>>> print(open('my_file_23.cif').read())   # mmCIF, C-alpha atoms and all ligand atoms
data_my_file
loop_
_atom_site.group_PDB
_atom_site.id
_atom_site.type_symbol
_atom_site.label_atom_id
_atom_site.label_comp_id
_atom_site.auth_asym_id
_atom_site.auth_seq_id
_atom_site.Cartn_x
_atom_site.Cartn_y
_atom_site.Cartn_z
ATOM 1 C CA MET A 22 30.708 156.828 64.570
ATOM 2 C CA ASN A 23 31.851 157.514 61.039
ATOM 3 C CA LYS A 24 32.460 154.255 59.192
ATOM 4 C CA THR A 25 32.998 155.762 55.732
ATOM 5 C CA ILE A 26 35.561 153.955 53.631
ATOM 6 C CA GLU A 27 38.416 156.269 52.703
ATOM 7 C CA SER A 28 41.456 155.799 50.505
ATOM 8 C CA GLY A 29 45.071 156.881 50.641
ATOM 9 C CA GLN A 30 48.653 155.887 49.817
ATOM 10 C CA ILE A 31 51.100 154.111 52.107
ATOM 11 C CA SER A 32 53.964 156.382 53.093
ATOM 12 C CA ALA A 33 55.776 154.194 55.606
ATOM 13 C CA HIS A 34 55.592 150.963 57.580
ATOM 14 C CA PHE A 35 56.173 150.657 61.316
ATOM 15 C CA GLY A 36 55.612 147.061 62.325
ATOM 16 C CA LYS A 37 51.863 146.447 62.304
ATOM 17 C CA ASN A 38 51.103 150.097 61.593
ATOM 18 C CA VAL A 39 51.316 152.120 58.429
ATOM 19 C CA ILE A 40 51.372 155.839 57.787
ATOM 20 C CA ILE A 41 48.913 156.780 55.065
ATOM 21 C CA ILE A 42 49.000 159.983 53.021
ATOM 22 C CA LYS A 43 45.524 161.225 52.208
ATOM 23 C CA GLU A 44 44.603 163.100 49.052
ATOM 24 C CA ASP A 45 45.006 166.463 50.821
ATOM 25 C CA ASN A 46 48.593 165.356 51.762
ATOM 26 C CA SER A 47 47.776 165.032 55.469
ATOM 27 C CA LYS A 48 49.000 161.888 57.214
ATOM 28 C CA ILE A 49 47.230 159.382 59.424
ATOM 29 C CA SER A 50 48.358 156.210 61.159
ATOM 30 C CA ALA A 51 46.377 152.996 60.635
ATOM 31 C CA LYS A 52 46.516 149.345 61.629
ATOM 32 C CA LEU A 53 46.626 146.505 59.160
ATOM 33 C CA ARG A 54 43.836 143.955 58.939
ATOM 34 C CA THR A 55 45.518 140.548 59.282
ATOM 35 C CA SER A 56 43.961 139.155 56.112
ATOM 36 C CA LEU A 57 45.798 141.657 53.923
ATOM 37 C CA PRO A 58 48.610 140.715 51.548
ATOM 38 C CA LYS A 59 52.041 142.191 52.298
ATOM 39 C CA LEU A 60 51.779 145.922 51.649
ATOM 40 C CA VAL A 61 54.543 148.224 50.445
ATOM 41 C CA VAL A 62 55.260 151.914 50.289
ATOM 42 C CA GLY A 63 53.268 153.445 47.422
ATOM 43 C CA ASP A 64 50.355 151.040 47.783
ATOM 44 C CA LEU A 65 46.914 152.584 47.438
ATOM 45 C CA VAL A 66 44.569 151.273 50.113
ATOM 46 C CA ASN A 67 41.113 151.668 51.592
ATOM 47 C CA TYR A 68 40.744 152.191 55.314
ATOM 48 C CA GLN A 69 37.949 152.811 57.779
ATOM 49 C CA LEU A 70 37.236 153.353 61.442
ATOM 50 C CA SER A 71 36.716 150.147 63.380
ATOM 51 C CA ASN A 72 36.536 149.994 67.214
ATOM 52 C CA ASN A 73 38.145 153.427 67.532
ATOM 53 C CA ASP A 74 41.071 152.468 65.315
ATOM 54 C CA LEU A 75 41.698 153.310 61.719
ATOM 55 C CA VAL A 76 42.158 149.968 59.942
ATOM 56 C CA VAL A 77 43.390 149.259 56.430
ATOM 57 C CA THR A 78 40.741 147.027 54.893
ATOM 58 C CA ASN A 79 41.963 146.383 51.380
ATOM 59 C CA LEU A 80 44.632 146.934 48.792
ATOM 60 C CA ILE A 81 43.688 148.692 45.569
ATOM 61 C CA LYS A 82 45.121 147.072 42.420
ATOM 62 C CA ARG A 83 48.772 148.009 41.830
ATOM 63 C CA ASN A 84 50.047 149.542 38.571
ATOM 64 C CA ASN A 85 53.443 148.016 39.238
ATOM 65 C CA LEU A 86 55.535 146.531 42.011
ATOM 66 C CA LEU A 87 59.273 147.026 42.197
ATOM 67 C CA GLN A 88 61.072 144.062 43.753
ATOM 68 C CA ARG A 89 64.640 143.456 44.739
ATOM 69 C CA ALA A 90 65.704 139.851 45.229
ATOM 70 C CA ASP A 91 62.769 138.479 47.238
ATOM 71 C CA LYS A 92 61.947 141.827 48.835
ATOM 72 C CA LEU A 93 59.110 144.097 47.754
ATOM 73 C CA VAL A 94 60.412 147.659 47.472
ATOM 74 C CA ALA A 95 57.590 149.981 46.373
ATOM 75 C CA ALA A 96 54.463 150.096 44.227
ATOM 76 C CA ASN A 97 52.729 152.408 41.773
ATOM 77 C CA ILE A 98 55.899 154.161 40.651
ATOM 78 C CA SER A 99 55.990 156.239 37.473
ATOM 79 C CA GLN A 100 59.655 157.245 37.456
ATOM 80 C CA MET A 101 62.967 155.883 38.735
ATOM 81 C CA LEU A 102 65.869 158.226 39.476
ATOM 82 C CA ILE A 103 69.029 156.155 39.406
ATOM 83 C CA MET A 104 71.464 158.222 41.434
ATOM 84 C CA ILE A 105 75.219 157.976 41.007
ATOM 85 C CA ALA A 106 78.086 160.099 42.336
ATOM 86 C CA PRO A 107 81.845 160.377 41.936
ATOM 87 C CA ASP A 108 82.069 158.799 45.366
ATOM 88 C CA PRO A 109 81.145 155.961 45.930
ATOM 89 C CA ALA A 110 82.305 155.026 42.426
ATOM 90 C CA PRO A 111 79.456 153.904 40.156
ATOM 91 C CA GLN A 112 78.959 150.263 39.171
ATOM 92 C CA HIS A 113 77.771 149.454 35.664
ATOM 93 C CA GLU A 114 75.931 146.288 36.607
ATOM 94 C CA LEU A 115 73.963 148.114 39.257
ATOM 95 C CA ILE A 116 72.837 150.865 36.886
ATOM 96 C CA ASP A 117 71.923 148.268 34.259
ATOM 97 C CA SER A 118 69.960 146.109 36.670
ATOM 98 C CA TYR A 119 67.960 149.144 37.781
ATOM 99 C CA LEU A 120 67.249 149.963 34.142
ATOM 100 C CA ILE A 121 65.970 146.411 33.642
ATOM 101 C CA ALA A 122 63.800 146.543 36.755
ATOM 102 C CA ALA A 123 62.351 149.819 35.478
ATOM 103 C CA SER A 124 61.769 148.420 32.003
ATOM 104 C CA ILE A 125 59.990 145.313 33.350
ATOM 105 C CA ASN A 126 57.706 147.497 35.432
ATOM 106 C CA ASN A 127 57.046 150.091 32.741
ATOM 107 C CA ILE A 128 58.739 152.801 34.772
ATOM 108 C CA LYS A 129 60.499 155.707 33.093
ATOM 109 C CA SER A 130 64.122 155.816 34.237
ATOM 110 C CA LEU A 131 66.730 158.517 34.267
ATOM 111 C CA ILE A 132 70.191 158.900 35.710
ATOM 112 C CA VAL A 133 71.016 161.587 38.238
ATOM 113 C CA LEU A 134 74.670 162.419 38.790
ATOM 114 C CA ASN A 135 74.905 164.001 42.244
ATOM 115 C CA LYS A 136 77.950 165.652 43.877
ATOM 116 C CA VAL A 137 79.186 167.388 40.721
ATOM 117 C CA ASP A 138 80.977 169.702 43.151
ATOM 118 C CA ALA A 139 83.172 166.723 44.076
ATOM 119 C CA LEU A 140 84.288 165.872 40.527
ATOM 120 C CA LYS A 141 88.076 165.828 40.396
ATOM 121 C CA LEU A 142 90.541 165.537 37.561
ATOM 122 C CA GLU A 143 91.173 161.881 38.317
ATOM 123 C CA ASN A 144 87.522 160.747 38.241
ATOM 124 C CA LYS A 145 85.903 163.246 35.880
ATOM 125 C CA ASN A 146 86.662 161.451 32.607
ATOM 126 C CA LYS A 147 85.593 158.087 33.927
ATOM 127 C CA ILE A 148 82.232 159.439 35.061
ATOM 128 C CA PHE A 149 81.569 161.337 31.850
ATOM 129 C CA ASP A 150 82.564 158.309 29.723
ATOM 130 C CA LEU A 151 80.047 156.285 31.682
ATOM 131 C CA LEU A 152 77.316 158.894 31.295
ATOM 132 C CA LYS A 153 78.015 159.123 27.565
ATOM 133 C CA ILE A 154 77.064 155.450 27.193
ATOM 134 C CA TYR A 155 73.618 156.111 28.648
ATOM 135 C CA GLN A 156 73.220 159.424 26.853
ATOM 136 C CA ASN A 157 73.790 157.601 23.547
ATOM 137 C CA LEU A 158 71.051 155.170 24.527
ATOM 138 C CA ASN A 159 68.711 158.180 24.975
ATOM 139 C CA TYR A 160 68.418 158.004 28.738
ATOM 140 C CA GLN A 161 67.917 161.418 30.303
ATOM 141 C CA ILE A 162 70.755 162.535 32.570
ATOM 142 C CA ILE A 163 70.558 165.294 35.161
ATOM 143 C CA GLU A 164 73.695 166.584 36.885
ATOM 144 C CA ILE A 165 73.171 168.114 40.311
ATOM 145 C CA SER A 166 74.832 168.957 43.573
ATOM 146 C CA CYS A 167 72.884 168.788 46.812
ATOM 147 C CA LYS A 168 75.801 170.587 48.438
ATOM 148 C CA THR A 169 75.891 173.657 46.185
ATOM 149 C CA ASN A 170 72.250 173.367 44.970
ATOM 150 C CA TYR A 171 73.550 173.198 41.393
ATOM 151 C CA ASN A 172 70.745 172.448 38.877
ATOM 152 C CA LEU A 173 68.188 171.449 41.504
ATOM 153 C CA ASN A 174 65.569 173.362 39.489
ATOM 154 C CA SER A 175 65.762 170.807 36.667
ATOM 155 C CA LEU A 176 65.204 168.106 39.192
ATOM 156 C CA HIS A 177 62.162 169.819 40.670
ATOM 157 C CA GLN A 178 60.726 169.984 37.160
ATOM 158 C CA CYS A 179 61.138 166.290 36.552
ATOM 159 C CA LEU A 180 59.527 165.344 39.865
ATOM 160 C CA LEU A 181 56.300 167.230 39.095
ATOM 161 C CA ASN A 182 53.262 164.986 38.615
ATOM 162 C CA ASN A 183 55.283 161.796 39.050
ATOM 163 C CA THR A 184 55.603 159.204 41.758
ATOM 164 C CA SER A 185 59.378 158.913 41.684
ATOM 165 C CA ILE A 186 61.696 156.583 43.547
ATOM 166 C CA ILE A 187 65.362 157.444 44.142
ATOM 167 C CA VAL A 188 67.599 154.394 44.040
ATOM 168 C CA GLY A 189 71.339 153.833 44.101
ATOM 169 C CA GLN A 190 74.345 152.863 46.172
ATOM 170 C CA SER A 191 74.576 153.846 49.798
ATOM 171 C CA GLY A 192 76.093 157.305 50.207
ATOM 172 C CA VAL A 193 75.343 158.776 46.756
ATOM 173 C CA GLY A 194 73.035 161.381 48.306
ATOM 174 C CA LYS A 195 69.448 160.096 47.935
ATOM 175 C CA THR A 196 68.266 161.347 51.326
ATOM 176 C CA SER A 197 70.196 164.595 50.841
ATOM 177 C CA LEU A 198 68.141 165.205 47.706
ATOM 178 C CA LEU A 199 64.933 164.407 49.528
ATOM 179 C CA ASN A 200 65.850 166.934 52.188
ATOM 180 C CA LYS A 201 66.439 169.528 49.460
ATOM 181 C CA VAL A 202 62.994 169.085 47.987
ATOM 182 C CA LEU A 203 61.334 168.731 51.404
ATOM 183 C CA PRO A 204 63.387 170.879 53.777
ATOM 184 C CA ASN A 205 60.788 170.757 56.568
ATOM 185 C CA GLN A 206 60.696 166.960 56.666
ATOM 186 C CA TYR A 207 64.281 166.501 57.776
ATOM 187 C CA SER A 208 63.510 165.182 61.259
ATOM 188 C CA LYS A 209 61.112 162.597 59.811
ATOM 189 C CA VAL A 210 63.794 161.368 57.461
ATOM 190 C CA SER A 211 66.361 160.928 60.184
ATOM 191 C CA GLU A 212 63.898 158.873 62.205
ATOM 192 C CA LEU A 213 64.272 156.191 59.583
ATOM 193 C CA SER A 214 68.043 156.383 59.439
ATOM 194 C CA ASN A 215 70.555 154.341 61.371
ATOM 195 C CA ILE A 216 73.978 155.568 62.241
ATOM 196 C CA LYS A 217 76.411 153.279 60.484
ATOM 197 C CA GLN A 218 80.133 153.979 60.656
ATOM 198 C CA GLY A 219 79.323 157.507 61.784
ATOM 199 C CA LYS A 220 76.952 158.140 58.870
ATOM 200 C CA HIS A 221 73.197 158.239 58.583
ATOM 201 C CA THR A 222 71.975 155.497 56.339
ATOM 202 C CA THR A 223 68.371 154.973 55.285
ATOM 203 C CA SER A 224 66.975 151.703 56.590
ATOM 204 C CA THR A 225 63.550 151.604 54.978
ATOM 205 C CA ALA A 226 61.747 153.119 52.007
ATOM 206 C CA GLN A 227 59.433 156.037 52.665
ATOM 207 C CA LEU A 228 57.118 158.053 50.437
ATOM 208 C CA PHE A 229 56.729 161.819 50.729
ATOM 209 C CA ALA A 230 54.211 164.152 49.102
ATOM 210 C CA LEU A 231 55.939 167.116 47.473
ATOM 211 C CA PRO A 232 54.477 170.528 48.283
ATOM 212 C CA TYR A 233 54.230 171.478 44.585
ATOM 213 C CA GLY A 234 52.789 168.162 43.399
ATOM 214 C CA GLY A 235 54.204 164.684 42.892
ATOM 215 C CA LYS A 236 55.502 162.054 45.304
ATOM 216 C CA LEU A 237 59.047 161.037 46.086
ATOM 217 C CA ILE A 238 60.206 157.749 47.608
ATOM 218 C CA ASP A 239 63.574 157.592 49.345
ATOM 219 C CA SER A 240 64.982 154.066 49.445
ATOM 220 C CA PRO A 241 67.820 152.372 51.333
ATOM 221 C CA GLY A 242 71.113 152.193 49.477
ATOM 222 C CA VAL A 243 72.224 148.876 48.044
ATOM 223 C CA ARG A 244 75.447 147.131 47.083
ATOM 224 C CA SER A 245 73.845 145.173 44.287
ATOM 225 C CA PHE A 246 70.372 145.044 42.897
ATOM 226 C CA ALA A 247 69.520 141.364 42.620
ATOM 227 C CA LEU A 248 66.640 141.053 40.202
ATOM 228 C CA SER A 249 63.919 138.641 41.214
ATOM 229 C CA ASN A 250 62.068 136.024 39.156
ATOM 230 C CA ILE A 251 63.397 137.384 35.960
ATOM 231 C CA THR A 252 63.745 135.705 32.580
ATOM 232 C CA LYS A 253 66.617 136.043 30.117
ATOM 233 C CA GLU A 254 64.131 137.695 27.733
ATOM 234 C CA GLN A 255 63.375 140.368 30.322
ATOM 235 C CA ILE A 256 67.083 141.040 30.817
ATOM 236 C CA SER A 257 67.557 141.297 27.050
ATOM 237 C CA ALA A 258 64.561 143.628 26.739
ATOM 238 C CA GLY A 259 66.211 145.963 29.269
ATOM 239 C CA PHE A 260 69.326 146.232 27.061
ATOM 240 C CA ILE A 261 67.674 148.095 24.207
ATOM 241 C CA GLU A 262 70.747 148.235 21.950
ATOM 242 C CA ILE A 263 71.682 144.567 22.441
ATOM 243 C CA ASN A 264 68.103 143.450 21.912
ATOM 244 C CA GLN A 265 67.953 145.303 18.628
ATOM 245 C CA PHE A 266 70.914 143.293 17.239
ATOM 246 C CA ALA A 267 69.916 140.010 18.907
ATOM 247 C CA LYS A 268 66.944 139.865 16.544
ATOM 248 C CA LEU A 269 69.397 139.649 13.624
ATOM 249 C CA CYS A 270 71.458 136.696 14.956
ATOM 250 C CA LYS A 271 71.408 133.551 12.822
ATOM 251 C CA PHE A 272 70.089 131.409 15.690
ATOM 252 C CA ASN A 273 66.946 132.378 17.603
ATOM 253 C CA ASP A 274 68.430 131.141 20.849
ATOM 254 C CA CYS A 275 71.872 132.665 20.205
ATOM 255 C CA SER A 276 73.734 133.262 23.470
ATOM 256 C CA HIS A 277 76.048 135.776 21.768
ATOM 257 C CA ASN A 278 79.134 133.870 22.813
ATOM 258 C CA LEU A 279 80.595 131.623 20.165
ATOM 259 C CA GLU A 280 77.795 131.105 17.667
ATOM 260 C CA PRO A 281 78.445 131.883 14.000
ATOM 261 C CA LYS A 282 76.750 134.892 12.411
ATOM 262 C CA CYS A 283 76.022 136.513 15.761
ATOM 263 C CA ALA A 284 74.859 140.077 15.076
ATOM 264 C CA VAL A 285 75.544 141.112 18.668
ATOM 265 C CA ILE A 286 79.224 140.133 18.493
ATOM 266 C CA THR A 287 79.511 141.887 15.130
ATOM 267 C CA ALA A 288 77.922 145.036 16.587
ATOM 268 C CA LEU A 289 80.275 144.821 19.559
ATOM 269 C CA LYS A 290 83.289 144.633 17.238
ATOM 270 C CA GLU A 291 82.003 147.592 15.258
ATOM 271 C CA GLY A 292 81.565 149.614 18.442
ATOM 272 C CA LEU A 293 77.759 149.809 18.071
ATOM 273 C CA ILE A 294 77.421 148.055 21.405
ATOM 274 C CA THR A 295 79.824 149.167 24.140
ATOM 275 C CA LYS A 296 82.029 146.679 25.908
ATOM 276 C CA GLN A 297 80.787 147.856 29.305
ATOM 277 C CA ARG A 298 77.141 147.201 28.466
ATOM 278 C CA PHE A 299 77.948 143.843 26.869
ATOM 279 C CA ASN A 300 79.927 142.747 29.948
ATOM 280 C CA SER A 301 77.145 143.885 32.191
ATOM 281 C CA TYR A 302 74.603 141.996 30.050
ATOM 282 C CA GLN A 303 76.635 138.805 30.295
ATOM 283 C CA TYR A 304 77.081 139.271 34.021
ATOM 284 C CA LEU A 305 73.347 139.698 34.612
ATOM 285 C CA ILE A 306 72.436 136.746 32.375
ATOM 286 C CA ALA A 307 74.945 134.554 34.236
ATOM 287 C CA ASN A 308 73.825 135.694 37.691
ATOM 288 C CA ASN A 309 70.054 135.550 37.405
HETATM 289 N N1 LIG A 401 80.193 166.864 48.182
HETATM 290 C C1 LIG A 401 78.918 166.501 48.222
HETATM 291 N N2 LIG A 401 78.482 165.678 49.202
HETATM 292 C C2 LIG A 401 77.175 165.322 49.200
HETATM 293 C C3 LIG A 401 76.272 165.801 48.220
HETATM 294 N N3 LIG A 401 75.066 165.251 48.462
HETATM 295 C C4 LIG A 401 75.205 164.486 49.562
HETATM 296 N N4 LIG A 401 76.471 164.519 50.016
HETATM 297 C C5 LIG A 401 77.021 163.800 51.197
HETATM 298 O O1 LIG A 401 77.022 162.412 50.928
HETATM 299 C C6 LIG A 401 76.810 161.671 52.138
HETATM 300 C C7 LIG A 401 75.719 160.648 51.968
HETATM 301 O O2 LIG A 401 74.489 161.284 51.742
HETATM 302 P P1 LIG A 401 73.070 160.600 51.964
HETATM 303 O O3 LIG A 401 72.047 161.554 51.436
HETATM 304 O O4 LIG A 401 72.901 160.120 53.344
HETATM 305 O O5 LIG A 401 73.198 159.327 51.006
HETATM 306 P P2 LIG A 401 72.130 158.168 50.745
HETATM 307 O O6 LIG A 401 72.195 157.871 49.287
HETATM 308 O O7 LIG A 401 70.801 158.559 51.274
HETATM 309 O O8 LIG A 401 72.734 156.940 51.559
HETATM 310 P P3 LIG A 401 71.942 155.629 52.130
HETATM 311 O O9 LIG A 401 70.770 156.128 52.924
HETATM 312 O O10 LIG A 401 72.955 154.910 52.944
HETATM 313 O O11 LIG A 401 71.520 154.848 50.934
HETATM 314 C C8 LIG A 401 76.504 162.702 53.212
HETATM 315 O O12 LIG A 401 77.675 162.909 53.964
HETATM 316 C C9 LIG A 401 76.139 163.953 52.424
HETATM 317 O O13 LIG A 401 76.421 165.127 53.118
HETATM 318 C C10 LIG A 401 76.772 166.688 47.197
HETATM 319 O O14 LIG A 401 76.087 167.140 46.292
HETATM 320 N N5 LIG A 401 78.109 166.983 47.263
HETATM 321 MG MG MG A 402 69.537 157.639 52.611
HETATM 322 ZN ZN ZN A 403 73.991 136.422 18.929
#
>>> encode(input="my_file_23.cif", output="structure tokens", more="lines below")
Ligand SMILES: Nc1nc2c(ncn2[C@@H]2O[C@H](COP(=O)(O)OP(=O)(O)OP(=O)(O)O)[C@@H](O)[C@H]2O)c(=O)[nH]1
Ligand SMILES: [Mg+2]
Ligand SMILES: [Zn+2]
Amino acid sequence: MNKTIESGQISAHFGKNVIIIKEDNSKISAKLRTSLPKLVVGDLVNYQLSNNDLVVTNLIKRNNLLQRADKLVAANISQMLIMIAPDPAPQHELIDSYLIAASINNIKSLIVLNKVDALKLENKNKIFDLLKIYQNLNYQIIEISCKTNYNLNSLHQCLLNNTSIIVGQSGVGKTSLLNKVLPNQYSKVSELSNIKQGKHTTSTAQLFALPYGGKLIDSPGVRSFALSNITKEQISAGFIEINQFAKLCKFNDCSHNLEPKCAVITALKEGLITKQRFNSYQYLIANN
């Protein structure tokens, strides 16, 4: 019996079993040894044959581990696609908390506006004003439509050679995008969906190998992204423009509220920091 130790990456969890993607992109199912720490999608593991079963024997060191509140989301991610859409309407705090989570974990982040086909006169300006804020902060923005296939080529390009995770509110179109880049996987995706108010909604994260290289993780939609075990310094570091001015405040521990000679408040008044980002910063500081 072949007892060679092999390695692969966790694609999905089903109770005590995991699906592992091997280097040649084929999939196998394996059991978890009880002594293992909690594993997540994206984890690199060793496994071997033991009593006719494939068993995961150990976890290989993680590059990073994305967490949400006290839940582990995924590991070894190189890129985060923060997806927004005209409907459901985007939330600033959610985008900003994803950007912080990405910054803490050294993950490149970009914003994907999906459903451009559904932009209407009444929501267009609001969305583009919001995107302008992030464009000015040098975040990459890609506008697509999974319905009309608009600009999907740009998205394919950015997925190459990355392990990307798509995050965002429920209903923005994360799974729709996955199905565009992996048309033959559709049935597998729906297996992990629940029907909620007549709609499919993703219930657990899953990693897929892309046929042309790279990996893509679809994740369940959220209402809010509660950051976990995070310091005020880490929140500040995620707000690059606020952080830059915070260094110039008179007091080292300035809370940018009522202190004299606060460079952040001055920058806010001069329009160098936007009101939306400042509000979102204050909200996240107060709620973490
Ligand atoms: N008009 C339009 N509708 C879209 C587009 N992309 C997705 N949708 C629709 O948006 C709805 C939600 O899509 P999903 O892909 O399930 O969204 P999700 O982000 O995976 O949602 P959760 O799994 O709940 O987090 C579906 O009815 C899609 O058909 C698009 O580009 N344009
Ligand atoms: Mg989904
Ligand atoms: Zn200050």
>>> residues_near_ligand(input="my_file_23.cif", ligand="ligand MG 402 (chain A)", cutoff="6 Å", atoms="all atoms listed in the file", output="number ranges by chain")
A: 195-196, 222-223, 241
>>> closest_residue(input="my_file_23.cif", among="A:Gln297, A:Gln190, A:Ser118, A:Ser99", to="ligand LIG 401 (chain A)", atoms="only C-alpha atoms and all ligand atoms")
A:Gln190
>>> residues_around(input="my_file_23.cif", residues="A:Leu180", least_positions_apart="2", cutoff="9 Å", atoms="all atoms listed in the file", output="MDAnalysis selection string")
chainID A and resid 100 175:178 182:185 231 234:237
>>> write_last_selection(input="my_file_23.cif", atoms="C-alpha atoms", output="mmCIF file, in the frame of the given file")
data_model
loop_
_atom_site.group_PDB
_atom_site.id
_atom_site.type_symbol
_atom_site.label_atom_id
_atom_site.label_comp_id
_atom_site.auth_asym_id
_atom_site.auth_seq_id
_atom_site.Cartn_x
_atom_site.Cartn_y
_atom_site.Cartn_z
ATOM 1 C CA GLN A 100 59.655 157.245 37.456
ATOM 2 C CA SER A 175 65.762 170.807 36.667
ATOM 3 C CA LEU A 176 65.204 168.106 39.192
ATOM 4 C CA HIS A 177 62.162 169.819 40.670
ATOM 5 C CA GLN A 178 60.726 169.984 37.160
ATOM 6 C CA ASN A 182 53.262 164.986 38.615
ATOM 7 C CA ASN A 183 55.283 161.796 39.050
ATOM 8 C CA THR A 184 55.603 159.204 41.758
ATOM 9 C CA SER A 185 59.378 158.913 41.684
ATOM 10 C CA LEU A 231 55.939 167.116 47.473
ATOM 11 C CA GLY A 234 52.789 168.162 43.399
ATOM 12 C CA GLY A 235 54.204 164.684 42.892
ATOM 13 C CA LYS A 236 55.502 162.054 45.304
ATOM 14 C CA LEU A 237 59.047 161.037 46.086
#
>>> residues_near_ligand(input="my_file_23.cif", ligand="ligand ZN 403 (chain A)", cutoff="7 Å", atoms="all atoms listed in the file", output="PDB file with C-alpha atoms, keeping the file's coordinate frame")
ATOM      1  CA  ALA A 267      69.916 140.010  18.907  1.00  0.00           C
ATOM      2  CA  CYS A 270      71.458 136.696  14.956  1.00  0.00           C
ATOM      3  CA  CYS A 275      71.872 132.665  20.205  1.00  0.00           C
ATOM      4  CA  SER A 276      73.734 133.262  23.470  1.00  0.00           C
ATOM      5  CA  HIS A 277      76.048 135.776  21.768  1.00  0.00           C
ATOM      6  CA  ASN A 278      79.134 133.870  22.813  1.00  0.00           C
ATOM      7  CA  GLU A 280      77.795 131.105  17.667  1.00  0.00           C
ATOM      8  CA  CYS A 283      76.022 136.513  15.761  1.00  0.00           C
ATOM      9  CA  ALA A 284      74.859 140.077  15.076  1.00  0.00           C
ATOM     10  CA  VAL A 285      75.544 141.112  18.668  1.00  0.00           C
ATOM     11  CA  ILE A 286      79.224 140.133  18.493  1.00  0.00           C
TER      12      ILE A 286
END
>>> residues_near_ligand(input="my_file_23.cif", ligand="ligand LIG 401 (chain A)", cutoff="6 Å", atoms="all atoms listed in the file", output="tab-separated table (two decimals) with C-alpha atoms, keeping the file's coordinate frame")
chain	number	residue	atom	x	y	z
A	135	ASN	CA	74.90	164.00	42.24
A	136	LYS	CA	77.95	165.65	43.88
A	138	ASP	CA	80.98	169.70	43.15
A	139	ALA	CA	83.17	166.72	44.08
A	166	SER	CA	74.83	168.96	43.57
A	167	CYS	CA	72.88	168.79	46.81
A	168	LYS	CA	75.80	170.59	48.44
A	190	GLN	CA	74.34	152.86	46.17
A	191	SER	CA	74.58	153.85	49.80
A	192	GLY	CA	76.09	157.30	50.21
A	193	VAL	CA	75.34	158.78	46.76
A	194	GLY	CA	73.04	161.38	48.31
A	195	LYS	CA	69.45	160.10	47.94
A	196	THR	CA	68.27	161.35	51.33
A	197	SER	CA	70.20	164.60	50.84
A	221	HIS	CA	73.20	158.24	58.58
A	222	THR	CA	71.97	155.50	56.34
A	223	THR	CA	68.37	154.97	55.28
A	241	PRO	CA	67.82	152.37	51.33
A	242	GLY	CA	71.11	152.19	49.48
>>> resolve_selection(input="my_file_23.cif", expression="the PyMOL selection byres (((chain A and resi 58-72) around 6) and not hetatm)", output="ChimeraX atom specification")
/A:24,26-33,57,73-81,95-97
>>> closest_residue(input="my_file_23.cif", among="A:Leu305, A:Ala51, A:Leu279, A:Ala258", to="A:Ile125", atoms="only C-alpha atoms")
A:Ala258
>>> closest_residue(input="my_file_23.cif", among="A:Leu158, A:Leu115, A:Leu131, A:Ile148", to="A:Cys179", atoms="only C-alpha atoms")
A:Leu131
>>> atom_distance(input="my_file_23.cif", atom1="atom CA of A:Met104", atom2="atom CA of A:Ile187")
6.7 Å
>>> resolve_selection(input="my_file_23.cif", expression="the PyMOL selection byres (((chain A and resi 248-257) around 8) and not hetatm)", output="number ranges by chain")
A: 88-91, 118, 121-122, 125, 246-247, 258-261, 263-264, 302, 305-306, 309
>>> write_last_selection(input="my_file_23.cif", atoms="C-alpha atoms", output="CSV table (one decimal), keeping the file's coordinate frame")
chain,number,residue,atom,x,y,z
A,88,GLN,CA,61.1,144.1,43.8
A,89,ARG,CA,64.6,143.5,44.7
A,90,ALA,CA,65.7,139.9,45.2
A,91,ASP,CA,62.8,138.5,47.2
A,118,SER,CA,70.0,146.1,36.7
A,121,ILE,CA,66.0,146.4,33.6
A,122,ALA,CA,63.8,146.5,36.8
A,125,ILE,CA,60.0,145.3,33.4
A,246,PHE,CA,70.4,145.0,42.9
A,247,ALA,CA,69.5,141.4,42.6
A,258,ALA,CA,64.6,143.6,26.7
A,259,GLY,CA,66.2,146.0,29.3
A,260,PHE,CA,69.3,146.2,27.1
A,261,ILE,CA,67.7,148.1,24.2
A,263,ILE,CA,71.7,144.6,22.4
A,264,ASN,CA,68.1,143.4,21.9
A,302,TYR,CA,74.6,142.0,30.0
A,305,LEU,CA,73.3,139.7,34.6
A,306,ILE,CA,72.4,136.7,32.4
A,309,ASN,CA,70.1,135.6,37.4
>>> atom_distance(input="my_file_23.cif", atom1="atom CA of A:Ala288", atom2="atom CA of A:Lys129")
26.3 Å
>>> closest_residue(input="my_file_23.cif", among="A:Leu134, A:Val94, A:Leu152, A:Ile165", to="A:Asp108", atoms="only C-alpha atoms")
A:Leu134
>>> axis_aligned_box(input="my_file_23.cif", around="stretch 218-232 of chain A", padding_each_side="8 Å", output="AutoDock Vina command-line options")
--center_x 67.2 --center_y 161.1 --center_z 54.6 --size_x 41.9 --size_y 34.9 --size_z 30.3
